[in-house]
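Read through the structure below, which is laid out as structure tokens, and then see the notes.
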There are 2 protein chains.
Amino acid sequence: MRQPILGYKCTLCGAEFPYQEMLTCPHCGEKGILDILYDYRAISSYFTKETLEANKDKSMWRFSPLMPLKPRDFSPFLHVGASPLYRSNRLGKELGLKELYIKDDGINPTASLKDRASGVAVAKAIELGYDTIACSSTGNAASSCAGNAARMGLKTVIFVPERAPEGKLAQLLIFGAHVVSVKGDYRATFELSRAAIDKYGWYNRNAGINPVMVEGKKTVALEIAEQLNWSVPDWVAVSVGDGCTIGGVYKGFYDLKELGFIDRIPRILGVQSTGCMPFVDAAKRGGAMEPAEENTLADSIAVGVPRNPVKALRAVLSSRGAWLAVSDEAILDAMRVLGRTEGVFGEPAGVTATAGVIEAAHSGLIKGNEAVAVISTGSGLKDVKNALRAAGRPTPCEPDLKALEKSGILDGIL
Amino acid sequence: MRQPILGYKCTLCGAEFPYQEMLTCPHCGEKGILDILYDYRAISSYFTKETLEANKDKSMWRFSPLMPLKPRDFSPFLHVGASPLYRSNRLGKELGLKELYIKDDGINPTASLKDRASGVAVAKAIELGYDTIACSSTGNAASSCAGNAARMGLKTVIFVPERAPEGKLAQLLIFGAHVVSVKGDYRATFELSRAAIDKYGWYNRNAGINPVMVEGKKTVALEIAEQLNWSVPDWVAVSVGDGCTIGGVYKGFYDLKELGFIDRIPRILGVQSTGCMPFVDAAKRGGAMEPAEENTLADSIAVGVPRNPVKALRAVLSSRGAWLAVSDEAILDAMRVLGRTEGVFGEPAGVTATAGVIEAAHSGLIKGNEAVAVISTGSGLKDVKNALRAAGRPTPCEPDLKALEKSGILDGIL
């Protein structure tokens with residue numbers, strides 16, 4: 001009775017296909033990213049606000065009836081999701097916003113939102129009988145893939161560009177992944193992973209082209225809506241790299257609207273760095289994507305050639321949202337601001353959305369009486385170098401009270 | 001009606017005192033750590049398994065009736081706790097243990113178990129009207145104090161030894177703490193913090209001497225018991241530095257036994273590094289503490305002169321537990337093992353308890369038919385240097401399939 005999936009629909013040509021193991025549209029090739037189509041009427045018969053209310057599993061697996069997975073016991077998997085949605089104590093006031101929420105997805109098992117996609121990918125790989133899963137990633141997709149796979153005994157092959165921050169690399173290695181550190185940028189890394197995956201027949205977790213990824217990432221939207229008791233905010237802000245996460249955010253709200261859990265889809269604010277903003281530029285051009293520089297310290301969203309442009313552009317267009325780019329300085333500033341005002345420590349790509357909300361509040365794009373939820377997609381511990389760059393280092397102090405008083409460290413306290 | 005606290009009892013001289021703002025026993029001075037005494041009969045009248053079951057707050061604040069805090073709305077605080085208790089998928093089998101559970105406390109808001117103590121400390125400081133909270137710490141207590149305080153708008157002064165890992169330092173700075181990086185070891189750091197706290201009258205979060213800390217840390221035990229549906233394991237293993245966490249673990253189970261929620265207290269396995277094992281040595285001497293070297297890479301438990309020896313020794317003695325020391329090599333090995341087999345990435349001090357369980361399973365101290373819960377107290381992202389030391393670094397690979405195949409990276413996959 002569960003898993004009533006009608007089939008796939010190509011986001012490019014619109015062709016529909018029956019539900020089976022397939023990655024992309026056979027007509028359009030790799031650019032033909034697929035949507036998974038659900039039979040919402042059938043789902044409504046067993047998945048309701050009441051069944052959710054009664055479900056003791058608080059992790060994202062509580063939403064498994066809305067995932068392209070066969071029913072099974074998900075308790076052996078990493079407990080992904082159930083991240084806090086904080087009502088802002090101070091940042092909202094500083095920005096003149098009446099209602100600001102921060103979704104801290106950095107508390108996931110491997111410390112980023114990507115666990116949501118990787119958990120579903122690992123479950124799918126197991127369902128399909130694979131013993132190895134592979135992906136290329138700037139970092140978080142990789143470490144989440146490795147962690148979720150390790151927990152379930154799957155082997156992993158991970159392709160990372162050499163520039164991946166040490167924190168993310170350390171995770172991969174500790175999770176026992178076979179790590180291919182590629183001399184080159186994200187595109188070269190992706191191409192090598194594609195060649196190897198094609199040749200060896202591993203399960204492909206590459207977020208851009210595998211349609212089940214969005215079905216995991218959407219759970220962040222499902223949680224926001226449930227945490228706000230199905231009264232969705234006016235805006236949801238999210239950082240954008242490959243385009244898969246913002247596609248997932250849209251899909252989550254879309255599902256809920258089709259199911260009648262919510263009455264509208266929030267406006268989605270897609271935020272990029274000015275150092276890498278192919279979507280912001282494409283939106284100005286009316287949607288035509290062109291390769292962009294990858295010149296930002298926010299490594300998780302330094303994606304010059306996004307693999308999932310259609311879903312990302314649609315998310316903003318269909319939700320009547322907006323695109324915005326912020327400077328790397330504004331990103332570092334957002335790290336400090338979010339830490340100081342709310343006690344949330346996000347990595348650069350994670351707080352890029354917050355930097356966008358700050359700018360949008362100042363410019364008036366977001367009005368003071370509008371409710372906003374901003375997603376912090378990863379923990380600042382992933383990228384300590386940039387955190388120290390944002391915050392500066394303390395001057396060591398002699399272990400002596402007089403030295404301390406003279407040091408100036410206590411300015412603002414005494 | 002709530003917060004029925006009978007008073008304090010000195011853990012050294014046994015003298016009792018009425019409940020008021022006080023840190024240590026006036027007779028015994030700083031070594032006279034206090035226990036908080038509850039009126040369990042009164043608590044039983046409004047805090048039951050049923051009230052817990054009905055409580056929608058899954059964070060540690062669900063246990064606030066068992067904390068020395070006045071009733072209030074805890075939703076503005078960081079959402080501490082509710083960490084997963086994983087039933088082992090593979091490590092237990094490898095060790096011949098029928099039932100092994102891993103409590104991953106690294107997913108807390110600032111990525112360590114210390115959030116449990118800091119959350120309560122911040123709430124207490126606010127309740128008492130302070131505007132500044134201070135502590136000295138090897139790292140996690142500090143970052144958790146800074147994060148929890150930032151969220152609630154309290155100022156923080158943090159004293160850290162110079163050797164604190166960068167990850168922990170970065171957190172402090174991002175949370176806007178006033179950081180005093182002390183030239184010296186943990187003891188020198190502690191002494192300077194004491195002098196400054198005495199002089200300026202800040203709220204004192206130092207875990208060793210402040211009796212409310214244990215009342216936060218104990219929530220890890222409360223959660224383990226609730227997650228196992230009040231059927232406690234035979235053993236609970238925990239890494240030991242200052243002695244406060246293990247004291248908290250014992251206190252949690254003690255509370256539950258007094259309340260009739262559980263029928264026995266699990267045996268507590270206290271694990272230290274052979275490079276810093278004052279408790280292991282003291283236990284051999286019948287309890288007499290002597291200063292120890294601080295020569296371990298597990299920085300969070302490198303405490304040569306623990307401030308809370310009485311509660312720690314009592315936890316093991318009263319629970320008929322055991323003390324164990326493991327080498328730094330065994331700790332690094334445990335990082336890899338826990339990551340590879342369960343997808344949990346702990347920092348060195350966090351996985352020291354796992355290293356202890358591995359040794360205890362091999363030596364027969366823990367029997368194959370006994371149920372064991374091991375607490376991983378902090379995220380491995382806190383200390384990436386040691387993770388890379390444990391795991392090694394990958395050799396960069398040319399973006400070419402033939403180069404990849406020759407590299408040996410895919411050994412075990414192809």
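Chains: A, B, ... in order of the structure tokens. Residues: from 1 per chain. Ligands: from 1, in order shown.
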message: For a quick test of understanding: name the residues of chain B lying within 7 Å of chain A when counting only C-alpha atoms, and present them as JSON, numbers by chain.
response: {"B": [76, 79, 84, 89, 107, 108, 109, 147, 148, 150, 151, 162, 166, 167, 170, 171, 173, 174, 175, 176, 178, 179, 180, 181, 182, 183, 184, 188, 189, 192, 195, 196, 335, 336, 339, 340, 341, 342, 343, 345, 381, 382, 384, 387, 388, 391, 394, 395, 396, 397, 398, 399, 400, 401, 409, 410]}
In region 192-319 of chain B, DSSP strand (DSSP E or B) residues written as a PyMOL selection string: chain B and resi 203-204+235-239+267-273+276
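Comparing the minimum interatomic distances between Gly241 (chain A) and each of A:Pro165, A:Pro211, A:Gly275, A:Pro306, counting only C-alpha atoms, we find that A:Pro306 sits nearest.
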message: I want to know what sits within 8 Å of Val280 (chain B), based on only C-alpha atoms, with residues of the same chain fewer than 2 positions away left out; could you give that as a PyMOL selection string?
response: chain B and resi 272+277-278+282-284+323-325
field: All helix (DSSP H, G or I) positions in region 18-194 of chain B, as a ChimeraX atom specification
entry: /B:29-31,40-44,49-54,60-66,91-95,105-107,114-127,140-152,166-174,186-194
Which residues are near Cys276 (chain B)? Cut-off 7 Å, only C-alpha atoms, ignore same chain within fewer than 2 positions. Put them as a PDB file with C-alpha atoms, in the first residue's frame.
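Listed below is the output, result12.pdb:
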```
ATOM      1  CA  GLN B 272      41.286   7.505  31.233  1.00  0.00           C
ATOM      2  CA  SER B 273      44.371   7.763  29.051  1.00  0.00           C
ATOM      3  CA  THR B 274      47.529   6.110  30.373  1.00  0.00           C
ATOM      4  CA  PRO B 278      45.004  10.215  38.306  1.00  0.00           C
ATOM      5  CA  ALA B 292      49.314  13.200  37.492  1.00  0.00           C
ATOM      6  CA  GLU B 293      51.081  14.059  34.246  1.00  0.00           C
ATOM      7  CA  GLU B 294      48.985  15.608  31.470  1.00  0.00           C
ATOM      8  CA  ASN B 295      50.557  13.686  28.647  1.00  0.00           C
ATOM      9  CA  THR B 296      47.757  12.613  26.322  1.00  0.00           C
ATOM     10  CA  ALA B 302      44.099  15.805  30.149  1.00  0.00           C
ATOM     11  CA  VAL B 303      43.424  16.896  33.723  1.00  0.00           C
ATOM     12  CA  GLY B 304      46.283  16.086  36.097  1.00  0.00           C
TER      13      GLY B 304
END
```
